[in-house]
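Read through the structure below, which is laid out as C-alpha coordinates, and then see the notes.
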Amino acid sequence: MPTIHVENVKRLELANLVNDVINGQEFLITQAGEPVAKLLPIITKPNRFPDLSDFRASIAPSHLSSGKMVSQMRDEEDEKFG
Amino acid sequence: MKNLDKPLFFDTSALLPYYRLEVLSFVVQTILTAARNDIFINDLTDVEIASAIARWRRMDEMSESDALAIQQKFTEHKILGYYTYQPILFDDFKQATDWLLQRKTALRTCDALHLAYTARLGAVLVTADKKLGQAAKEFGVDYQLLIPRTH
(Lines give C-alpha, C1' and ligand atoms only; values in the text may rest on other atoms or scores of the structure.)
Protein backbone atom coordinates (compact mmCIF):
# COMPACT_ATOMS: atom_id res chain seq x y z
CA MET A 1 0.00 0.00 0.00
CA PRO A 2 1.58 3.35 -1.03
CA THR A 3 2.35 5.71 1.84
CA ILE A 4 1.73 9.47 1.70
CA HIS A 5 2.84 11.95 4.34
CA VAL A 6 -0.07 14.06 5.54
CA GLU A 7 1.70 17.24 4.36
CA ASN A 8 1.70 15.89 0.81
CA VAL A 9 -2.02 15.13 0.66
CA LYS A 10 -2.80 18.76 -0.19
CA ARG A 11 -0.10 18.91 -2.85
CA LEU A 12 -1.36 15.73 -4.48
CA GLU A 13 -4.96 17.02 -4.37
CA LEU A 14 -7.54 14.90 -2.57
CA ALA A 15 -9.73 14.65 -5.67
CA ASN A 16 -6.93 12.89 -7.57
CA LEU A 17 -6.30 10.53 -4.66
CA VAL A 18 -10.02 9.73 -4.42
CA ASN A 19 -10.07 8.92 -8.14
CA ASP A 20 -7.27 6.42 -7.60
CA VAL A 21 -9.14 4.97 -4.60
CA ILE A 22 -12.29 4.54 -6.68
CA ASN A 23 -10.16 2.56 -9.12
CA GLY A 24 -9.06 0.22 -6.33
CA GLN A 25 -5.90 1.87 -4.97
CA GLU A 26 -5.44 2.20 -1.19
CA PHE A 27 -3.23 4.75 0.58
CA LEU A 28 -1.71 4.92 4.03
CA ILE A 29 -1.41 8.46 5.41
CA THR A 30 1.44 9.11 7.81
CA GLN A 31 2.32 11.92 10.18
CA ALA A 32 5.66 12.27 11.91
CA GLY A 33 6.59 8.87 10.56
CA GLU A 34 3.55 7.15 12.08
CA PRO A 35 0.56 5.75 10.15
CA VAL A 36 -2.53 7.79 11.13
CA ALA A 37 -5.18 7.12 8.47
CA LYS A 38 -6.11 5.03 5.46
CA LEU A 39 -7.85 5.94 2.23
CA LEU A 40 -9.89 2.92 1.14
CA PRO A 41 -12.68 2.36 -1.37
CA ILE A 42 -16.11 1.62 0.08
CA ILE A 43 -16.87 -1.90 -1.04
CA THR A 44 -20.41 -2.20 -2.32
CA LYS A 45 -22.06 -5.54 -1.90
CA PRO A 46 -21.59 -7.93 -4.80
CA ASN A 47 -24.50 -9.27 -6.75
CA ARG A 48 -25.93 -12.02 -4.56
CA PHE A 49 -29.54 -12.77 -5.33
CA PRO A 50 -29.92 -15.68 -7.75
CA ASP A 51 -32.40 -16.04 -10.59
CA LEU A 52 -35.37 -17.88 -9.03
CA SER A 53 -37.32 -18.33 -12.28
CA ASP A 54 -37.09 -22.13 -12.15
CA PHE A 55 -38.02 -22.20 -8.48
CA ARG A 56 -41.08 -20.00 -9.09
CA ALA A 57 -42.11 -22.10 -12.08
CA SER A 58 -42.24 -25.15 -9.80
CA ILE A 59 -44.90 -23.50 -7.61
CA ALA A 60 -48.50 -22.70 -8.47
CA PRO A 61 -48.68 -19.01 -9.48
CA SER A 62 -50.53 -16.44 -7.43
CA HIS A 63 -53.68 -14.89 -8.91
CA LEU A 64 -53.92 -12.10 -6.37
CA SER A 65 -50.89 -9.79 -6.30
CA SER A 66 -48.88 -9.73 -3.09
CA GLY A 67 -49.39 -5.96 -2.99
CA LYS A 68 -53.15 -6.41 -2.65
CA MET A 69 -52.95 -9.44 -0.40
CA VAL A 70 -50.49 -7.93 2.09
CA SER A 71 -52.47 -4.69 2.10
CA GLN A 72 -55.62 -6.68 2.96
CA MET A 73 -53.74 -8.49 5.74
CA ARG A 74 -52.66 -5.16 7.21
CA ASP A 75 -56.21 -3.79 6.96
CA GLU A 76 -57.51 -6.84 8.81
CA GLU A 77 -54.85 -6.60 11.51
CA ASP A 78 -55.73 -2.95 12.06
CA GLU A 79 -59.43 -3.77 12.33
CA LYS A 80 -58.65 -6.40 14.94
CA PHE A 81 -56.31 -4.33 17.07
CA GLY A 82 -56.84 -0.77 15.95
CA MET B 1 -35.35 1.82 -10.65
CA LYS B 2 -33.14 4.60 -9.34
CA ASN B 3 -31.55 4.42 -5.87
CA LEU B 4 -30.00 0.99 -6.44
CA ASP B 5 -26.88 2.16 -4.60
CA LYS B 6 -28.87 3.01 -1.49
CA PRO B 7 -29.85 0.52 1.20
CA LEU B 8 -33.32 -0.83 0.51
CA PHE B 9 -36.01 -2.08 2.86
CA PHE B 10 -38.15 -4.56 0.96
CA ASP B 11 -41.46 -4.83 2.73
CA THR B 12 -43.29 -8.19 2.58
CA SER B 13 -45.50 -7.16 -0.35
CA ALA B 14 -42.39 -6.55 -2.47
CA LEU B 15 -40.52 -9.62 -1.26
CA LEU B 16 -43.15 -12.31 -1.87
CA PRO B 17 -43.15 -11.99 -5.70
CA TYR B 18 -39.48 -13.06 -5.68
CA TYR B 19 -40.56 -16.44 -4.30
CA ARG B 20 -43.94 -16.95 -6.02
CA LEU B 21 -44.78 -16.15 -9.61
CA GLU B 22 -47.02 -13.13 -10.12
CA VAL B 23 -47.07 -9.95 -12.18
CA LEU B 24 -44.27 -8.28 -10.21
CA SER B 25 -41.90 -11.25 -10.00
CA PHE B 26 -39.64 -10.18 -12.83
CA VAL B 27 -39.27 -6.56 -11.71
CA VAL B 28 -38.62 -7.61 -8.09
CA GLN B 29 -35.92 -10.05 -9.15
CA THR B 30 -34.37 -7.41 -11.40
CA ILE B 31 -34.12 -4.94 -8.51
CA LEU B 32 -32.75 -7.52 -6.07
CA THR B 33 -30.07 -8.70 -8.48
CA ALA B 34 -29.11 -5.13 -9.44
CA ALA B 35 -29.04 -3.74 -5.87
CA ARG B 36 -25.57 -2.82 -4.66
CA ASN B 37 -26.29 -2.13 -1.02
CA ASP B 38 -28.01 -3.73 1.95
CA ILE B 39 -31.46 -5.27 1.58
CA PHE B 40 -32.88 -4.89 5.07
CA ILE B 41 -35.37 -7.19 6.70
CA ASN B 42 -36.59 -7.43 10.29
CA ASP B 43 -38.65 -9.65 12.57
CA LEU B 44 -41.88 -8.20 11.21
CA THR B 45 -40.83 -9.43 7.75
CA ASP B 46 -40.57 -12.96 9.15
CA VAL B 47 -44.00 -12.72 10.76
CA GLU B 48 -45.66 -11.32 7.63
CA ILE B 49 -44.02 -13.87 5.31
CA ALA B 50 -45.23 -16.66 7.61
CA SER B 51 -48.68 -15.08 7.74
CA ALA B 52 -48.89 -14.78 3.94
CA ILE B 53 -47.89 -18.41 3.45
CA ALA B 54 -50.42 -19.52 6.08
CA ARG B 55 -53.09 -17.50 4.28
CA TRP B 56 -52.26 -19.14 0.94
CA ARG B 57 -52.63 -22.54 2.60
CA ARG B 58 -55.89 -21.58 4.35
CA MET B 59 -57.33 -20.41 1.05
CA ASP B 60 -56.11 -23.65 -0.53
CA GLU B 61 -54.10 -21.61 -3.04
CA MET B 62 -51.04 -23.81 -2.77
CA SER B 63 -50.01 -27.24 -1.56
CA GLU B 64 -48.25 -27.86 1.72
CA SER B 65 -45.10 -28.85 -0.17
CA ASP B 66 -45.14 -25.51 -2.07
CA ALA B 67 -45.65 -23.62 1.18
CA LEU B 68 -42.75 -25.48 2.73
CA ALA B 69 -40.54 -24.86 -0.32
CA ILE B 70 -41.09 -21.09 -0.13
CA GLN B 71 -40.49 -21.00 3.61
CA GLN B 72 -37.28 -23.03 3.19
CA LYS B 73 -36.00 -20.91 0.29
CA PHE B 74 -36.54 -17.68 2.24
CA THR B 75 -34.81 -19.19 5.30
CA GLU B 76 -31.93 -20.37 3.09
CA HIS B 77 -31.46 -16.84 1.73
CA LYS B 78 -31.38 -15.42 5.24
CA ILE B 79 -28.76 -17.95 6.32
CA LEU B 80 -26.67 -17.23 3.22
CA GLY B 81 -26.66 -13.56 4.19
CA TYR B 82 -28.48 -12.21 1.14
CA TYR B 83 -30.51 -10.03 3.49
CA THR B 84 -29.23 -7.71 6.17
CA TYR B 85 -31.12 -8.21 9.40
CA GLN B 86 -31.70 -5.03 11.35
CA PRO B 87 -34.08 -5.28 14.31
CA ILE B 88 -36.94 -2.88 14.89
CA LEU B 89 -35.86 -0.73 17.83
CA PHE B 90 -37.67 0.99 20.67
CA ASP B 91 -37.14 4.31 18.88
CA ASP B 92 -39.05 2.96 15.85
CA PHE B 93 -42.05 2.10 18.06
CA LYS B 94 -41.87 5.56 19.60
CA GLN B 95 -41.70 7.29 16.22
CA ALA B 96 -44.54 5.11 14.91
CA THR B 97 -46.66 6.01 17.93
CA ASP B 98 -45.95 9.72 17.46
CA TRP B 99 -47.02 9.55 13.82
CA LEU B 100 -50.18 7.58 14.64
CA LEU B 101 -51.09 10.10 17.36
CA GLN B 102 -50.96 12.91 14.80
CA ARG B 103 -54.12 11.33 13.29
CA LYS B 104 -53.45 13.19 10.05
CA THR B 105 -53.87 10.19 7.76
CA ALA B 106 -55.39 6.73 7.76
CA LEU B 107 -52.04 5.32 8.84
CA ARG B 108 -52.16 1.65 9.79
CA THR B 109 -50.09 0.27 12.67
CA CYS B 110 -47.78 -1.77 10.41
CA ASP B 111 -47.38 1.18 8.04
CA ALA B 112 -46.21 3.41 10.87
CA LEU B 113 -43.67 0.84 12.05
CA HIS B 114 -42.36 0.18 8.54
CA LEU B 115 -41.97 3.90 7.87
CA ALA B 116 -40.23 4.65 11.18
CA TYR B 117 -37.84 1.74 10.60
CA THR B 118 -37.04 2.80 7.02
CA ALA B 119 -36.51 6.43 8.02
CA ARG B 120 -34.14 5.53 10.86
CA LEU B 121 -32.00 3.36 8.59
CA GLY B 122 -31.89 6.01 5.86
CA ALA B 123 -33.13 3.36 3.44
CA VAL B 124 -35.54 3.40 0.51
CA LEU B 125 -38.79 1.57 1.19
CA VAL B 126 -39.67 -0.78 -1.67
CA THR B 127 -43.31 -1.82 -1.50
CA ALA B 128 -46.13 -3.13 -3.65
CA ASP B 129 -48.71 -2.04 -1.06
CA LYS B 130 -50.31 1.15 -2.40
CA LYS B 131 -51.52 2.29 1.02
CA LEU B 132 -48.02 1.96 2.47
CA GLY B 133 -46.59 3.83 -0.51
CA GLN B 134 -49.11 6.61 0.00
CA ALA B 135 -48.23 6.82 3.69
CA ALA B 136 -44.51 7.01 2.84
CA LYS B 137 -45.24 9.93 0.54
CA GLU B 138 -47.27 11.74 3.21
CA PHE B 139 -44.57 11.32 5.87
CA GLY B 140 -41.66 12.16 3.57
CA VAL B 141 -40.04 8.71 3.68
CA ASP B 142 -38.04 7.74 0.59
CA TYR B 143 -39.99 5.00 -1.22
CA GLN B 144 -40.47 3.10 -4.45
CA LEU B 145 -43.95 1.79 -5.19
CA LEU B 146 -43.96 -1.22 -7.49
CA ILE B 147 -46.97 -1.12 -9.77
CA PRO B 148 -47.95 -3.99 -12.06
CA ARG B 149 -47.94 -2.92 -15.69
CA THR B 150 -51.16 -3.48 -17.56
CA HIS B 151 -50.92 -4.13 -21.28
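Chain labels A, B, ... are given in the sequence in which chains occur in the C-alpha coordinates; within each chain residues are numbered consecutively from 1, and ligands are likewise numbered from 1 in the order shown.
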Within 12 Å of chain B, which residues of chain A show up? Give each one with its shortest atom-to-atom distance in Å (one decimal) and the two atoms involved, counting only C-alpha atoms, rows by chain then rising residue number, as a tab-separated table.
residue	atom	partner	partner_atom	distance
A:Ile42	CA	B:Asn37	CA	10.9
A:Ile43	CA	B:Asn37	CA	9.4
A:Thr44	CA	B:Arg36	CA	5.7
A:Lys45	CA	B:Arg36	CA	5.2
A:Pro46	CA	B:Arg36	CA	6.5
A:Asn47	CA	B:Thr33	CA	5.9
A:Arg48	CA	B:Tyr82	CA	6.2
A:Phe49	CA	B:Thr33	CA	5.2
A:Pro50	CA	B:Thr33	CA	7.0
A:Asp51	CA	B:Gln29	CA	7.1
A:Leu52	CA	B:Tyr19	CA	7.2
A:Ser53	CA	B:Leu21	CA	8.2
A:Asp54	CA	B:Leu21	CA	10.1
A:Phe55	CA	B:Tyr19	CA	7.6
A:Arg56	CA	B:Arg20	CA	5.2
A:Ala57	CA	B:Leu21	CA	7.0
A:Ser58	CA	B:Asp66	CA	8.3
A:Ile59	CA	B:Asp66	CA	5.9
A:Ala60	CA	B:Met62	CA	6.3
A:Pro61	CA	B:Leu21	CA	4.8
A:Ser62	CA	B:Glu22	CA	5.5
A:His63	CA	B:Glu22	CA	7.0
A:Leu64	CA	B:Glu22	CA	7.9
A:Ser65	CA	B:Glu22	CA	6.4
A:Ser66	CA	B:Ser13	CA	5.0
A:Gly67	CA	B:Ala128	CA	4.4
A:Lys68	CA	B:Asp129	CA	6.4
A:Met69	CA	B:Ser13	CA	7.8
A:Val70	CA	B:Ser13	CA	5.6
A:Ser71	CA	B:Asp129	CA	5.6
A:Gln72	CA	B:Asp129	CA	9.2
A:Met73	CA	B:Ala52	CA	8.1
A:Arg74	CA	B:Cys110	CA	6.7
A:Asp75	CA	B:Arg108	CA	7.3
A:Glu76	CA	B:Arg108	CA	10.1
A:Glu77	CA	B:Thr109	CA	8.4
A:Asp78	CA	B:Arg108	CA	6.3
A:Glu79	CA	B:Arg108	CA	9.4
A:Lys80	CA	B:Thr109	CA	11.1
A:Phe81	CA	B:Thr109	CA	8.9
A:Gly82	CA	B:Thr109	CA	7.6
- Message: Can you tell me, as number ranges by chain, which residues in chain A count as strand (DSSP E) by DSSP?
- Response: A: 3-5, 27-31, 34-39
- Between CA of Gly122 (chain B) and CA of Tyr85 (chain B) - distance in Å to one decimal: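 So the two atoms, CA of Tyr85 (chain B) and CA of Gly122 (chain B), lie 14.7 Å apart.
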- Among listed residues B:Gln86, B:Thr105, B:Gln72, B:Thr118, nearest Asp43 (chain B) (using only C-alpha atoms):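 Ranking B:Gln86, B:Thr105, B:Gln72, B:Thr118 by distance to Asp43 (chain B), first place goes to B:Gln86.
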- Message: One decimal, in Å: what's the spacing between CA of Pro2 (chain A) and CA of Ala15 (chain A)?
- Response: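 Atom-to-atom, CA of Pro2 (chain A) to CA of Ala15 (chain A), that is 16.6 Å.
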- Message: One decimal, in Å: what's the spacing between CA of Leu100 (chain B) and CA of Leu113 (chain B)?
- Response: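 Interatomic distance, CA of Leu100 (chain B) to CA of Leu113 (chain B): 9.7 Å.
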Would you mind listing what lies within 10 Å of Gln25 (chain A) as a PDB file with N, CA and C atoms, in the first residue's frame, with only C-alpha atoms counted and same-chain residues fewer than 2 positions away left out?
ATOM      1  N   MET A   1       0.853  -1.193   0.000  1.00  0.00           N
ATOM      2  CA  MET A   1       0.000   0.000   0.000  1.00  0.00           C
ATOM      3  C   MET A   1       0.894   1.251   0.000  1.00  0.00           C
ATOM      4  N   PRO A   2       0.756   2.126  -0.991  1.00  0.00           N
ATOM      5  CA  PRO A   2       1.579   3.351  -1.032  1.00  0.00           C
ATOM      6  C   PRO A   2       1.335   4.224   0.206  1.00  0.00           C
ATOM      7  N   LEU A  17      -6.471  11.731  -5.484  1.00  0.00           N
ATOM      8  CA  LEU A  17      -6.304  10.530  -4.659  1.00  0.00           C
ATOM      9  C   LEU A  17      -7.599   9.717  -4.623  1.00  0.00           C
ATOM     10  N   VAL A  18      -8.722  10.425  -4.482  1.00  0.00           N
ATOM     11  CA  VAL A  18     -10.017   9.732  -4.420  1.00  0.00           C
ATOM     12  C   VAL A  18     -10.284   8.996  -5.737  1.00  0.00           C
ATOM     13  N   ASN A  19      -9.903   9.600  -6.851  1.00  0.00           N
ATOM     14  CA  ASN A  19     -10.071   8.918  -8.136  1.00  0.00           C
ATOM     15  C   ASN A  19      -9.302   7.604  -8.173  1.00  0.00           C
ATOM     16  N   ASP A  20      -8.075   7.651  -7.646  1.00  0.00           N
ATOM     17  CA  ASP A  20      -7.272   6.419  -7.599  1.00  0.00           C
ATOM     18  C   ASP A  20      -7.932   5.384  -6.684  1.00  0.00           C
ATOM     19  N   VAL A  21      -8.481   5.879  -5.562  1.00  0.00           N
ATOM     20  CA  VAL A  21      -9.136   4.973  -4.604  1.00  0.00           C
ATOM     21  C   VAL A  21     -10.343   4.308  -5.249  1.00  0.00           C
ATOM     22  N   ILE A  22     -11.113   5.102  -5.996  1.00  0.00           N
ATOM     23  CA  ILE A  22     -12.291   4.540  -6.679  1.00  0.00           C
ATOM     24  C   ILE A  22     -11.858   3.415  -7.631  1.00  0.00           C
ATOM     25  N   ASN A  23     -10.668   3.579  -8.198  1.00  0.00           N
ATOM     26  CA  ASN A  23     -10.160   2.555  -9.119  1.00  0.00           C
ATOM     27  C   ASN A  23      -9.438   1.411  -8.408  1.00  0.00           C
ATOM     28  N   PHE A  27      -4.358   3.941   0.125  1.00  0.00           N
ATOM     29  CA  PHE A  27      -3.227   4.748   0.575  1.00  0.00           C
ATOM     30  C   PHE A  27      -3.158   4.769   2.100  1.00  0.00           C
ATOM     31  N   LEU A  39      -6.845   5.604   3.244  1.00  0.00           N
ATOM     32  CA  LEU A  39      -7.849   5.940   2.229  1.00  0.00           C
ATOM     33  C   LEU A  39      -8.206   4.642   1.525  1.00  0.00           C
ATOM     34  N   LEU A  40      -9.460   4.200   1.693  1.00  0.00           N
ATOM     35  CA  LEU A  40      -9.887   2.916   1.141  1.00  0.00           C
ATOM     36  C   LEU A  40     -11.179   3.091   0.354  1.00  0.00           C
ATOM     37  N   PRO A  41     -11.385   2.292  -0.682  1.00  0.00           N
ATOM     38  CA  PRO A  41     -12.683   2.358  -1.372  1.00  0.00           C
ATOM     39  C   PRO A  41     -13.764   1.729  -0.507  1.00  0.00           C
TER      40      PRO A  41
END
